[in-house]
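J.: File work.cif below, mmCIF, C-alpha atoms:
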data_protein
loop_
_atom_site.label_atom_id
_atom_site.label_comp_id
_atom_site.auth_asym_id
_atom_site.auth_seq_id
_atom_site.Cartn_x
_atom_site.Cartn_y
_atom_site.Cartn_z
CA MET L 24 89.72 91.08 92.21
CA GLN L 25 91.72 93.95 93.66
CA LEU L 26 91.28 94.99 97.26
CA VAL L 27 92.75 98.43 97.85
CA VAL L 28 94.22 99.30 101.23
CA GLY L 29 94.16 103.03 101.95
CA VAL L 30 96.39 104.96 104.34
CA ALA L 31 95.90 103.67 107.89
CA ASP L 32 93.92 100.72 106.60
CA MET L 33 94.02 96.93 106.35
CA LYS L 34 92.46 94.23 104.19
CA ILE L 35 92.57 90.48 104.56
CA GLY L 36 91.55 87.76 102.15
CA ASN L 37 91.27 84.05 101.53
CA GLN L 38 89.89 84.00 97.97
CA ALA L 39 92.28 82.84 95.28
CA GLU L 40 91.31 85.62 92.86
CA GLN L 41 92.12 88.41 95.31
CA VAL L 42 95.10 90.72 95.01
CA ILE L 43 95.52 93.13 97.90
CA ILE L 44 97.27 96.36 96.97
CA THR L 45 98.38 99.52 98.72
CA HIS L 46 99.50 102.60 96.80
CA ALA L 47 102.29 105.05 97.36
CA LEU L 48 104.04 104.22 100.60
CA GLY L 49 106.27 107.11 101.69
CA SER L 50 107.34 107.01 105.33
CA CYS L 51 104.41 104.68 106.01
CA ILE L 52 104.96 100.94 106.14
CA GLY L 53 103.14 98.10 104.41
CA VAL L 54 103.12 94.71 106.15
CA ALA L 55 101.99 91.65 104.23
CA ILE L 56 101.43 88.37 106.06
CA TYR L 57 100.42 85.05 104.53
CA ASP L 58 99.75 81.53 105.68
CA PRO L 59 100.41 79.27 102.66
CA HIS L 60 98.72 76.28 104.30
CA VAL L 61 95.25 77.86 104.38
CA ARG L 62 96.02 80.58 101.79
CA VAL L 63 94.98 83.39 104.06
CA GLY L 64 96.74 86.73 103.86
CA GLY L 65 96.47 90.33 104.90
CA LEU L 66 98.06 93.69 104.14
CA LEU L 67 98.34 96.58 106.61
CA HIS L 68 99.35 100.16 105.73
CA TYR L 69 100.17 102.07 108.91
CA MET L 70 101.32 105.68 109.23
CA LEU L 71 102.95 106.10 112.62
CA PRO L 72 104.81 104.04 115.21
CA GLU L 73 102.92 104.39 118.48
CA SER L 74 99.30 104.79 119.50
CA SER L 75 100.29 106.72 122.64
CA LEU L 76 100.34 109.77 120.33
CA ASP L 77 96.54 109.80 120.26
CA GLU L 78 94.75 106.98 122.09
CA GLU L 79 91.33 108.14 120.97
CA LYS L 80 92.29 108.09 117.30
CA SER L 81 93.85 104.67 117.74
CA ARG L 82 90.57 103.33 119.12
CA GLU L 83 88.70 104.83 116.16
CA ASN L 84 91.22 103.41 113.72
CA PRO L 85 93.86 100.99 115.06
CA PHE L 86 95.44 100.76 111.60
CA MET L 87 97.03 104.20 111.96
CA PHE L 88 99.73 102.87 114.29
CA ALA L 89 102.20 99.99 114.27
CA ASP L 90 101.48 98.92 117.85
CA THR L 91 97.72 98.71 117.38
CA GLY L 92 97.59 97.78 113.68
CA ILE L 93 100.05 94.88 113.56
CA PRO L 94 98.32 92.80 116.30
CA ARG L 95 94.97 93.37 114.56
CA LEU L 96 96.40 92.24 111.23
CA PHE L 97 97.52 88.93 112.76
CA LYS L 98 94.28 88.42 114.73
CA GLU L 99 92.09 88.98 111.70
CA CYS L 100 94.07 86.40 109.75
CA TYR L 101 93.85 83.91 112.65
CA ARG L 102 90.08 84.21 112.43
CA LEU L 103 90.28 82.86 108.89
CA GLY L 104 92.32 79.89 110.06
CA ALA L 105 95.87 81.20 109.72
CA LEU L 106 98.47 80.16 112.29
CA LYS L 107 101.29 82.32 113.56
CA GLN L 108 104.02 79.73 113.12
CA ARG L 109 103.16 79.29 109.44
CA MET L 110 102.98 82.98 108.68
CA LEU L 111 105.28 84.48 106.02
CA VAL L 112 105.97 88.16 106.69
CA LYS L 113 107.10 90.77 104.17
CA VAL L 114 107.61 94.46 104.75
CA ALA L 115 108.02 97.53 102.50
CA GLY L 116 108.11 101.32 102.86
CA GLY L 117 109.60 103.45 105.62
CA SER L 118 111.29 105.88 103.23
CA GLN L 119 113.01 109.03 104.40
CA VAL L 120 113.86 112.39 102.91
CA LEU L 121 117.56 113.19 102.43
CA GLY L 122 119.67 114.68 105.21
CA GLY L 123 120.82 113.56 108.61
CA PRO L 124 119.15 110.57 110.23
CA GLU L 125 118.21 112.46 113.38
CA HIS L 126 115.36 114.49 111.90
CA PHE L 127 112.31 113.85 109.75
CA ASN L 128 112.82 110.21 110.67
CA ILE L 129 109.27 108.94 110.95
CA GLY L 130 110.05 106.31 108.31
CA ARG L 131 112.88 104.91 110.39
CA ARG L 132 110.79 105.02 113.57
CA ASN L 133 107.97 103.22 111.83
CA TYR L 134 110.38 100.45 110.93
CA ALA L 135 111.90 100.34 114.43
CA ALA L 136 108.44 100.00 115.99
CA LEU L 137 107.67 97.04 113.75
CA ARG L 138 110.98 95.31 114.56
CA LYS L 139 110.36 95.76 118.27
CA ILE L 140 106.89 94.21 118.07
CA PHE L 141 108.14 91.32 115.96
CA LEU L 142 111.11 90.63 118.26
CA LYS L 143 108.87 90.56 121.31
CA ASN L 144 106.50 88.16 119.61
CA ASN L 145 109.03 85.95 117.87
CA VAL L 146 107.95 86.88 114.38
CA LEU L 147 110.60 86.79 111.66
CA ILE L 148 110.56 89.11 108.68
CA GLY L 149 110.98 86.96 105.58
CA LYS L 150 111.79 89.65 103.04
CA GLU L 151 111.79 93.42 103.14
CA ASP L 152 112.40 96.50 101.02
CA VAL L 153 112.57 99.46 103.36
CA GLY L 154 114.21 102.87 103.63
CA GLY L 155 115.80 105.00 100.96
CA THR L 156 113.93 107.79 99.19
CA LYS L 157 111.76 105.59 97.02
CA ALA L 158 107.98 105.67 96.74
CA ARG L 159 106.56 102.17 96.67
CA THR L 160 103.32 100.40 95.83
CA MET L 161 102.87 96.93 97.35
CA TYR L 162 100.85 93.90 96.19
CA LEU L 163 99.91 90.63 97.86
CA GLU L 164 98.48 87.82 95.74
CA ILE L 165 96.26 85.57 97.85
CA ALA L 166 96.45 82.56 95.54
CA THR L 167 100.24 82.26 95.92
CA GLY L 168 101.29 84.56 98.75
CA LYS L 169 103.63 86.35 96.37
CA VAL L 170 104.41 89.94 97.25
CA TRP L 171 105.58 92.54 94.73
CA VAL L 172 106.87 96.01 95.27
CA LYS L 173 106.59 98.54 92.49
CA ILE L 174 108.99 101.46 92.67
CA ILE L 175 107.08 104.50 91.50
CA GLY L 176 108.96 106.07 88.63
CA GLN L 177 109.13 106.21 84.89
CA THR L 178 110.33 102.66 84.42
CA GLN L 179 107.91 101.22 86.99
CA THR L 180 110.40 98.70 88.31
CA ILE L 181 108.61 95.76 89.90
CA ILE L 182 110.47 93.44 92.25
CA GLU L 183 109.21 90.30 93.92
CA LEU L 184 109.85 90.20 97.64
CA MET Y 27 124.49 119.92 76.85
CA SER Y 28 122.26 122.42 78.56
CA LEU Y 29 118.61 122.41 77.66
CA VAL Y 30 118.11 125.91 79.05
CA PRO Y 31 117.49 127.64 75.68
CA GLN Y 32 114.94 125.00 74.76
CA VAL Y 33 113.26 125.23 78.15
CA LEU Y 34 113.04 128.99 77.97
CA ARG Y 35 111.64 128.82 74.47
CA SER Y 36 108.87 126.57 75.74
CA LEU Y 37 107.87 129.34 78.14
CA LYS Y 38 106.86 131.48 75.18
CA ASN Y 39 103.93 129.15 74.64
CA LEU Y 40 102.81 129.44 78.23
CA PRO Y 41 99.03 129.79 78.29
CA PRO Y 42 97.58 132.71 80.25
CA PHE Y 43 96.88 132.11 83.91
CA PRO Y 44 93.17 131.39 84.47
CA MET Y 45 91.50 134.76 84.81
CA VAL Y 46 89.34 134.23 87.87
CA ALA Y 47 92.28 132.82 89.80
CA GLN Y 48 94.44 135.72 88.60
CA ARG Y 49 91.99 138.33 89.86
CA THR Y 50 91.66 136.46 93.14
CA LEU Y 51 95.45 136.35 93.63
CA VAL Y 52 95.47 140.13 93.54
CA LEU Y 53 93.02 140.14 96.42
CA LEU Y 54 95.45 138.09 98.53
CA ASN Y 55 97.56 141.21 98.96
CA LYS Y 56 94.76 143.30 100.43
CA PRO Y 57 94.39 143.38 104.19
CA GLU Y 58 90.60 143.42 103.93
CA VAL Y 59 88.54 141.94 101.15
CA SER Y 60 84.86 142.73 100.95
CA ILE Y 61 82.24 140.22 99.99
CA GLN Y 62 81.26 142.49 97.13
CA GLU Y 63 84.76 142.27 95.66
CA LEU Y 64 84.63 138.49 95.72
CA VAL Y 65 81.22 138.42 94.10
CA GLU Y 66 82.53 140.67 91.34
CA VAL Y 67 85.35 138.25 90.62
CA VAL Y 68 83.33 135.07 90.35
CA LYS Y 69 79.90 136.12 89.21
CA PHE Y 70 80.54 135.72 85.48
CA ASP Y 71 81.90 132.22 85.84
CA PRO Y 72 79.03 129.80 86.44
CA ALA Y 73 81.31 126.76 86.67
CA ILE Y 74 83.34 128.30 89.45
CA THR Y 75 80.22 129.42 91.27
CA ALA Y 76 78.89 125.86 91.13
CA ASN Y 77 82.21 124.58 92.43
CA ILE Y 78 82.18 127.05 95.30
CA LEU Y 79 78.86 125.66 96.46
CA ARG Y 80 80.02 122.06 96.21
CA ILE Y 81 83.29 122.72 97.99
CA SER Y 82 81.66 124.86 100.68
CA ASN Y 83 79.46 121.92 101.55
CA SER Y 84 82.38 119.50 101.93
CA ALA Y 85 83.43 118.26 105.36
CA TYR Y 86 86.76 120.07 105.14
CA PHE Y 87 85.25 123.52 105.13
CA GLY Y 88 82.93 122.15 107.75
CA LEU Y 89 79.75 124.20 107.89
CA ARG Y 90 76.89 122.78 109.87
CA ARG Y 91 74.21 123.83 107.47
CA GLU Y 92 73.91 123.26 103.80
CA ILE Y 93 74.74 126.18 101.57
CA HIS Y 94 72.49 126.89 98.63
CA SER Y 95 73.64 130.24 97.30
CA LEU Y 96 76.86 132.02 96.56
CA HIS Y 97 75.89 134.86 98.86
CA GLN Y 98 75.27 132.46 101.73
CA ALA Y 99 78.66 130.82 101.14
CA LEU Y 100 80.33 134.21 101.21
CA LEU Y 101 78.64 135.17 104.45
CA LEU Y 102 79.18 131.92 106.32
CA LEU Y 103 82.67 130.91 105.25
CA GLY Y 104 84.53 134.17 105.59
CA THR Y 105 86.83 135.68 103.02
CA GLN Y 106 89.99 133.64 103.69
CA GLU Y 107 88.25 130.29 103.20
CA LEU Y 108 86.49 131.62 100.13
CA LEU Y 109 89.69 132.88 98.60
CA LYS Y 110 91.10 129.36 98.96
CA ILE Y 111 88.06 127.81 97.32
CA ILE Y 112 88.00 130.26 94.43
CA ILE Y 113 91.71 129.92 93.72
CA ALA Y 114 91.52 126.12 93.88
CA SER Y 115 88.58 125.97 91.49
CA GLY Y 116 90.09 128.62 89.23
CA ALA Y 117 93.49 126.94 89.02
CA THR Y 118 92.38 123.47 87.93
CA ARG Y 119 92.79 124.28 84.24
CA LEU Y 120 96.42 125.05 84.84
CA PHE Y 121 97.01 121.53 86.08
CA SER Y 122 94.91 119.74 83.49
CA ALA Y 123 97.75 118.51 81.28
CA PRO Y 124 99.52 115.33 82.40
CA THR Y 125 103.08 115.71 83.75
CA PRO Y 126 104.65 112.35 82.85
CA GLY Y 127 108.15 113.51 83.81
CA TYR Y 128 106.98 113.47 87.41
CA PHE Y 129 103.75 111.53 87.68
CA THR Y 130 102.55 108.40 85.97
CA GLU Y 131 99.00 109.24 86.99
CA ARG Y 132 97.43 111.97 84.89
CA GLN Y 133 96.21 114.02 87.85
CA GLY Y 134 99.26 113.37 90.00
CA LEU Y 135 100.53 116.95 90.08
CA TRP Y 136 97.12 118.36 90.91
CA ARG Y 137 96.69 115.85 93.73
CA HIS Y 138 100.10 116.59 95.18
CA SER Y 139 99.45 120.34 94.91
CA VAL Y 140 96.11 120.12 96.71
CA SER Y 141 97.74 117.94 99.39
CA CYS Y 142 100.43 120.52 99.94
CA ALA Y 143 97.85 123.32 100.24
CA LEU Y 144 95.93 121.30 102.83
CA MET Y 145 99.16 120.50 104.67
CA VAL Y 146 99.96 124.22 104.93
CA ASP Y 147 96.54 124.69 106.54
CA VAL Y 148 97.11 121.85 109.01
CA LEU Y 149 100.61 123.10 109.85
CA SER Y 150 99.39 126.67 110.34
CA ARG Y 151 96.84 125.37 112.81
CA GLU Y 152 99.46 123.33 114.70
CA LEU Y 153 101.74 126.39 114.84
CA SER Y 154 98.88 128.74 115.78
CA LEU Y 155 99.66 130.90 112.77
CA PRO Y 156 96.77 132.80 111.25
CA ASP Y 157 95.09 130.52 108.73
CA GLN Y 158 95.55 132.65 105.64
CA ALA Y 159 94.63 131.99 102.05
CA THR Y 160 98.13 133.06 101.03
CA GLY Y 161 99.65 129.96 102.62
CA PHE Y 162 97.10 127.65 101.04
CA THR Y 163 97.69 129.27 97.66
CA ALA Y 164 101.47 129.02 97.93
CA GLY Y 165 101.05 125.33 98.78
CA LEU Y 166 98.81 124.85 95.77
CA MET Y 167 101.19 126.64 93.39
CA HIS Y 168 104.61 125.61 94.69
CA ASP Y 169 105.25 123.06 91.95
CA ILE Y 170 103.82 124.88 88.90
CA GLY Y 171 107.29 124.72 87.36
CA LYS Y 172 106.75 120.99 86.93
CA ILE Y 173 103.98 121.71 84.43
CA VAL Y 174 106.53 123.05 81.95
CA LEU Y 175 109.63 121.14 83.03
CA SER Y 176 107.88 117.75 82.87
CA LEU Y 177 108.59 117.39 79.17
CA PHE Y 178 112.33 117.87 79.68
CA VAL Y 179 112.50 115.76 82.84
CA GLU Y 180 110.79 112.99 80.92
CA GLN Y 181 113.52 113.03 78.26
CA LYS Y 182 116.36 113.04 80.77
CA PHE Y 183 114.79 111.13 83.64
CA HIS Y 184 117.38 108.38 83.80
CA GLU Y 185 120.28 110.81 83.80
CA ILE Y 186 118.64 112.85 86.55
CA MET Y 187 118.00 109.74 88.64
CA GLU Y 188 121.58 108.63 88.16
CA VAL Y 189 122.81 111.90 89.64
CA VAL Y 190 120.36 111.53 92.56
CA GLU Y 191 121.57 108.01 93.27
CA GLN Y 192 125.27 108.46 92.69
CA GLN Y 193 125.77 111.88 94.22
CA GLY Y 194 123.09 111.66 96.91
CA VAL Y 195 121.67 115.06 95.98
CA SER Y 196 118.02 116.05 95.79
CA PHE Y 197 115.97 115.56 92.64
CA GLN Y 198 115.81 119.34 92.27
CA ALA Y 199 119.61 119.69 92.44
CA ALA Y 200 119.93 116.90 89.88
CA GLU Y 201 117.49 118.70 87.54
CA LYS Y 202 119.71 121.75 87.75
CA ILE Y 203 122.83 119.68 86.98
CA ILE Y 204 121.31 117.82 84.02
CA LEU Y 205 118.87 120.35 82.56
CA GLY Y 206 120.51 123.59 83.66
CA VAL Y 207 117.29 124.70 85.32
CA ASP Y 208 115.12 123.17 88.06
CA HIS Y 209 111.36 123.09 88.62
CA ALA Y 210 111.45 125.70 91.42
CA GLU Y 211 113.31 128.27 89.28
CA MET Y 212 111.01 127.43 86.41
CA GLY Y 213 107.96 128.01 88.60
CA GLY Y 214 109.41 131.35 89.68
CA GLU Y 215 109.77 132.38 86.03
CA MET Y 216 106.17 131.37 85.31
CA ALA Y 217 104.99 133.29 88.36
CA ARG Y 218 106.82 136.35 87.02
CA MET Y 219 105.21 136.04 83.62
CA TRP Y 220 101.81 135.63 85.22
CA ASP Y 221 102.31 138.59 87.55
CA PHE Y 222 101.84 136.66 90.76
CA PRO Y 223 102.18 138.67 93.97
CA ASP Y 224 105.84 138.80 95.07
CA ARG Y 225 105.49 136.71 98.21
CA LEU Y 226 103.83 133.95 96.27
CA ARG Y 227 106.44 134.07 93.52
CA LEU Y 228 109.29 133.85 96.03
CA ALA Y 229 107.64 130.95 97.86
CA ILE Y 230 107.52 129.07 94.56
CA THR Y 231 111.12 129.94 93.64
CA TYR Y 232 112.66 129.02 96.98
CA HIS Y 233 110.41 126.22 98.23
CA HIS Y 234 113.31 123.77 98.39
CA LEU Y 235 115.39 126.19 100.49
CA ASP Y 236 118.38 125.91 98.18
CA LYS Y 237 119.23 129.63 98.41
CA PRO Y 238 119.84 131.87 101.44
CA GLU Y 239 116.95 134.13 100.34
CA ALA Y 240 114.57 131.32 101.24
CA TYR Y 241 114.94 132.15 104.90
CA THR Y 242 113.56 135.68 104.58
CA ASP Y 243 109.91 134.72 104.91
CA ASP Y 244 108.15 132.16 107.13
CA LEU Y 245 105.72 131.52 104.29
CA ILE Y 246 108.54 129.92 102.29
CA LEU Y 247 109.59 127.74 105.23
CA LEU Y 248 106.00 126.71 105.78
CA VAL Y 249 105.51 125.64 102.17
CA TYR Y 250 108.83 123.80 102.24
CA LEU Y 251 107.84 121.89 105.36
CA ALA Y 252 104.35 121.12 104.06
CA ASP Y 253 105.84 119.72 100.85
CA ILE Y 254 108.28 117.48 102.77
CA LEU Y 255 105.47 116.24 105.04
CA CYS Y 256 103.32 115.42 102.01
CA LEU Y 257 106.15 113.28 100.66
CA MET Y 258 106.34 111.49 103.99
CA PHE Y 259 102.58 110.94 104.06
CA GLY Y 260 103.15 109.25 100.75
CA GLN Y 261 99.93 109.30 98.78
CA ASP Y 262 100.27 110.81 95.32
CA LEU Y 263 104.03 110.55 95.30
CA GLY Y 264 105.78 111.16 92.02
CA SER Y 265 108.75 109.59 90.27
CA ASP Y 266 111.03 111.85 92.31
CA GLY Y 267 109.86 110.05 95.46
CA LEU Y 268 111.25 111.47 98.69
CA ALA Y 269 114.52 112.63 97.13
CA TYR Y 270 114.45 116.08 98.75
CA THR Y 271 116.45 117.40 101.64
CA GLY Y 272 115.13 117.60 105.19
CA TYR Y 273 116.55 120.65 107.00
CA PRO Y 274 116.37 120.29 110.79
CA GLU Y 275 116.84 124.06 111.29
CA VAL Y 276 113.33 124.61 109.93
CA LEU Y 277 111.91 122.35 112.64
CA ARG Y 278 113.90 124.24 115.27
CA HIS Y 279 112.71 127.56 113.86
CA PHE Y 280 109.08 126.54 114.31
CA HIS Y 281 109.81 124.74 117.62
CA LEU Y 282 108.57 121.51 116.14
CA ARG Y 283 109.59 118.17 117.59
CA GLU Y 284 109.09 114.87 115.95
CA ARG Y 285 105.99 114.27 118.02
CA ASN Y 286 104.48 117.45 116.55
CA LEU Y 287 105.21 116.22 113.06
CA GLN Y 288 103.49 112.94 113.85
CA LYS Y 289 100.44 114.84 115.07
CA VAL Y 290 100.42 116.96 111.94
CA LEU Y 291 100.46 113.82 109.80
CA LEU Y 292 97.61 112.40 111.84
CA GLN Y 293 95.51 115.54 111.38
CA PHE Y 294 96.45 115.70 107.74
CA GLY Y 295 95.04 112.20 107.29
CA SER Y 296 91.63 113.48 108.34
CA ALA Y 297 91.90 116.68 106.28
CA TRP Y 298 92.88 114.60 103.26
CA ASP Y 299 89.75 112.46 103.66
CA GLU Y 300 87.47 115.44 104.19
CA ALA Y 301 88.81 117.40 101.24
CA GLN Y 302 88.48 114.70 98.60
CA ILE Y 303 86.15 117.00 96.70
CA LEU Y 304 89.12 119.25 95.89
CA PHE Y 305 91.06 116.33 94.44
CA GLY Y 306 88.06 115.52 92.30
CA LEU Y 307 87.75 119.00 90.79
CA MET Y 308 90.04 117.95 87.99
CA GLY Y 309 87.66 115.19 87.00
CA GLN Y 310 85.10 117.66 85.77
CA GLN Y 311 87.69 119.66 83.90
CA ASP Y 312 85.87 119.29 80.60
CA GLY Y 313 82.70 120.64 82.11
CA VAL Y 314 84.54 123.67 83.43
CA GLN Y 315 86.12 124.42 80.09
CA ARG Y 316 82.85 124.08 78.25
CA ALA Y 317 81.13 126.39 80.68
CA ASN Y 318 83.86 128.99 80.27
CA ARG Y 319 83.82 128.88 76.55
CA GLY Y 320 80.04 129.12 76.43
#
Have the structure of the file written as structure tokens, please.
T.:
Amino acid sequence: MQLVVGVADMKIGNQAEQVIITHALGSCIGVAIYDPHVRVGGLLHYMLPESSLDEEKSRENPFMFADTGIPRLFKECYRLGALKQRMLVKVAGGSQVLGGPEHFNIGRRNYAALRKIFLKNNVLIGKEDVGGTKARTMYLEIATGKVWVKIIGQTQTIIEL
Amino acid sequence: MSLVPQVLRSLKNLPPFPMVAQRTLVLLNKPEVSIQELVEVVKFDPAITANILRISNSAYFGLRREIHSLHQALLLLGTQELLKIIIASGATRLFSAPTPGYFTERQGLWRHSVSCALMVDVLSRELSLPDQATGFTAGLMHDIGKIVLSLFVEQKFHEIMEVVEQQGVSFQAAEKIILGVDHAEMGGEMARMWDFPDRLRLAITYHHLDKPEAYTDDLILLVYLADILCLMFGQDLGSDGLAYTGYPEVLRHFHLRERNLQKVLLQFGSAWDEAQILFGLMGQQDGVQRANRG
């Protein structure tokens, strides 16, 4: 069964038949976490780095921002029995348009925000596919914890993270 | 080998621009449009009239009461909003063919075009520019060149991508190198053949800001920026991904900082949700065509 994660959205699962998927990441970032011991996983698709931009919106929907969405993703998985120290973390997205790095850099900032949160909380990123100009779709298979990234394009390249 | 002769030959088979949308485009040039003029344009097209009612009642156009008649819609929405709705419902047929050179999803180009139109609206609001139907329309039409060029891009996709990756140029620049013509130029040609108003035609031709002429009109800069922001937002991205150039001078011109861009993306998220009915217009394409033939 496919669970689709929209923009500024999150889904978690612990049923073997579930595949969680998020379409077309541009500058947004997809974070997949998975505890192989209890086979619990979740996928977050956030848009922007910091909730200070609009506190009210972040209360309505914490999944818009890295700093409100990432903690929620972990907490929801803990509720299904996952433990932080067992968690495998994979990240994709954060693309940028061409040109200098100092402008239009929401993708880079999204990635920086995630790194900061993970450093503070001693979370290691296992695998990642971030940056560049690619559009990506991301999948998390609950039965195995495998994560795939599909590069949107004619050949539909799929890589396992 | 240049494909230009072949590409130009394919333009000979260009279907006519949908009539209702065509007549509405002409109205974009007029400083004042009367309700009567709008009624005249749409009244013989029952499918479009039905669409106007459905769209008028969507959250995006945000009326507090339900609209039951065309006349009521005209009175309550105002002419600029109505022009947008009529052009969007009239233009769907144009986007009905798949564009596999750019999008694996059949309706990809339509979805990206609607997104860009909505983004122009959101940006205009952020910049306190008058919310005009011209901007929305330019956003909707900016990529029409892809309708025709798709076939050729599909054949040469790998060569184009190689140029993008090895030379670090935009997808549009790579189209020009490999095909001899790019989707913006192509769109400009189509706009000429279809007699689009000049401002609209130029916005289509220069929407990637690859020529100095692009800087002559804020409308062009607005469409450019909206397009780039849609790519960043990410939904409905095509095979060309985000391989387009970000020009910081456009941000400076509009006094936009990164925080403003983040806010625009946030507002766009809501607009995108509220305007889903526009994305869905393509779904009832067959119904529209039947109604028009009948």
J.: Residue by residue, what does the PyMOL selection byres ((chain L) within 10 of (chain Y)) grab here? Present the result as a PyMOL selection string.
T.: chain L and resi 29-31+45-51+70-73+76-77+80+87+116-130+155-160+174-179
J.: Between CA of Val28 (chain L) and CA of Leu67 (chain L), measure the distance and give it in Å to one decimal.
T.: 7.3 Å
J.: If you apply the PyMOL selection byres ((chain Y and resi 182) around 12) to this file, what residues do you get, as a VMD selection string?
T.: (chain L and resid 177) or (chain Y and resid 27 to 29 126 to 128 175 to 181 183 to 189 200 to 206)
J.: So which residues get picked by the PyMOL selection byres ((chain Y and resi 88-105) around 9) here, written as an mmCIF file with C-alpha atoms, keeping the file's coordinate frame?
T.:
data_model
loop_
_atom_site.group_PDB
_atom_site.id
_atom_site.type_symbol
_atom_site.label_atom_id
_atom_site.label_comp_id
_atom_site.auth_asym_id
_atom_site.auth_seq_id
_atom_site.Cartn_x
_atom_site.Cartn_y
_atom_site.Cartn_z
ATOM 1 C CA GLU Y 58 90.600 143.420 103.930
ATOM 2 C CA VAL Y 59 88.540 141.940 101.150
ATOM 3 C CA SER Y 60 84.860 142.730 100.950
ATOM 4 C CA ILE Y 61 82.240 140.220 99.990
ATOM 5 C CA LEU Y 64 84.630 138.490 95.720
ATOM 6 C CA VAL Y 65 81.220 138.420 94.100
ATOM 7 C CA LYS Y 69 79.900 136.120 89.210
ATOM 8 C CA THR Y 75 80.220 129.420 91.270
ATOM 9 C CA ALA Y 76 78.890 125.860 91.130
ATOM 10 C CA ILE Y 78 82.180 127.050 95.300
ATOM 11 C CA LEU Y 79 78.860 125.660 96.460
ATOM 12 C CA ARG Y 80 80.020 122.060 96.210
ATOM 13 C CA SER Y 82 81.660 124.860 100.680
ATOM 14 C CA ASN Y 83 79.460 121.920 101.550
ATOM 15 C CA SER Y 84 82.380 119.500 101.930
ATOM 16 C CA ALA Y 85 83.430 118.260 105.360
ATOM 17 C CA TYR Y 86 86.760 120.070 105.140
ATOM 18 C CA PHE Y 87 85.250 123.520 105.130
ATOM 19 C CA GLN Y 106 89.990 133.640 103.690
ATOM 20 C CA GLU Y 107 88.250 130.290 103.200
ATOM 21 C CA LEU Y 108 86.490 131.620 100.130
ATOM 22 C CA LEU Y 109 89.690 132.880 98.600
ATOM 23 C CA LYS Y 110 91.100 129.360 98.960
ATOM 24 C CA ALA Y 159 94.630 131.990 102.050
ATOM 25 C CA GLU Y 300 87.470 115.440 104.190
#
J.: Find the residues near Leu149 (chain Y): any atom within 9 Å, counting only C-alpha atoms, skip ones fewer than 2 places away on the same chain, and give them as a list in words.
T.: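 In the requested format, the answer is Leu144, Met145, Val146, Asp147, Arg151, Glu152, Leu153, Ser154, Leu155, Leu248, Leu251, Ala252, Leu287, Val290 and Phe294 of chain Y.
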J.: Need the shell around Lys98 (chain L): protein/DNA/RNA residues with any atom at most 12 Å away, counting all atoms listed in the file. Skip same-chain ones fewer than 2 positions apart. Format as a PyMOL selection string?
T.: chain L and resi 33+35+56+63-65+91-96+100-107+110
J.: In Å, with one decimal, what is the gap from CA of Ala229 (chain Y) to CA of Arg35 (chain Y)?
T.: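 Taking CA of Ala229 (chain Y) and CA of Arg35 (chain Y), their separation equals 23.8 Å.
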J.: Using all atoms listed in the file, which residues sit within 12 Å of region 39-43 of chain Y once same-chain residues fewer than 4 positions away are excluded, as an MDAnalysis selection string?
T.: chainID Y and resid 32:35 47:51 113 116:121 123 167 170:171 173:175 212:213 215:222
J.: Pick out the closest residue to Arg131 (chain L) from this set: L:Lys113, L:Ile44, L:Phe97, L:Val153. Count all atoms listed in the file.
T.: L:Val153
J.: What gap, in Å, lies between CA of Phe162 (chain Y) and CA of His209 (chain Y)?
T.: 19.5 Å
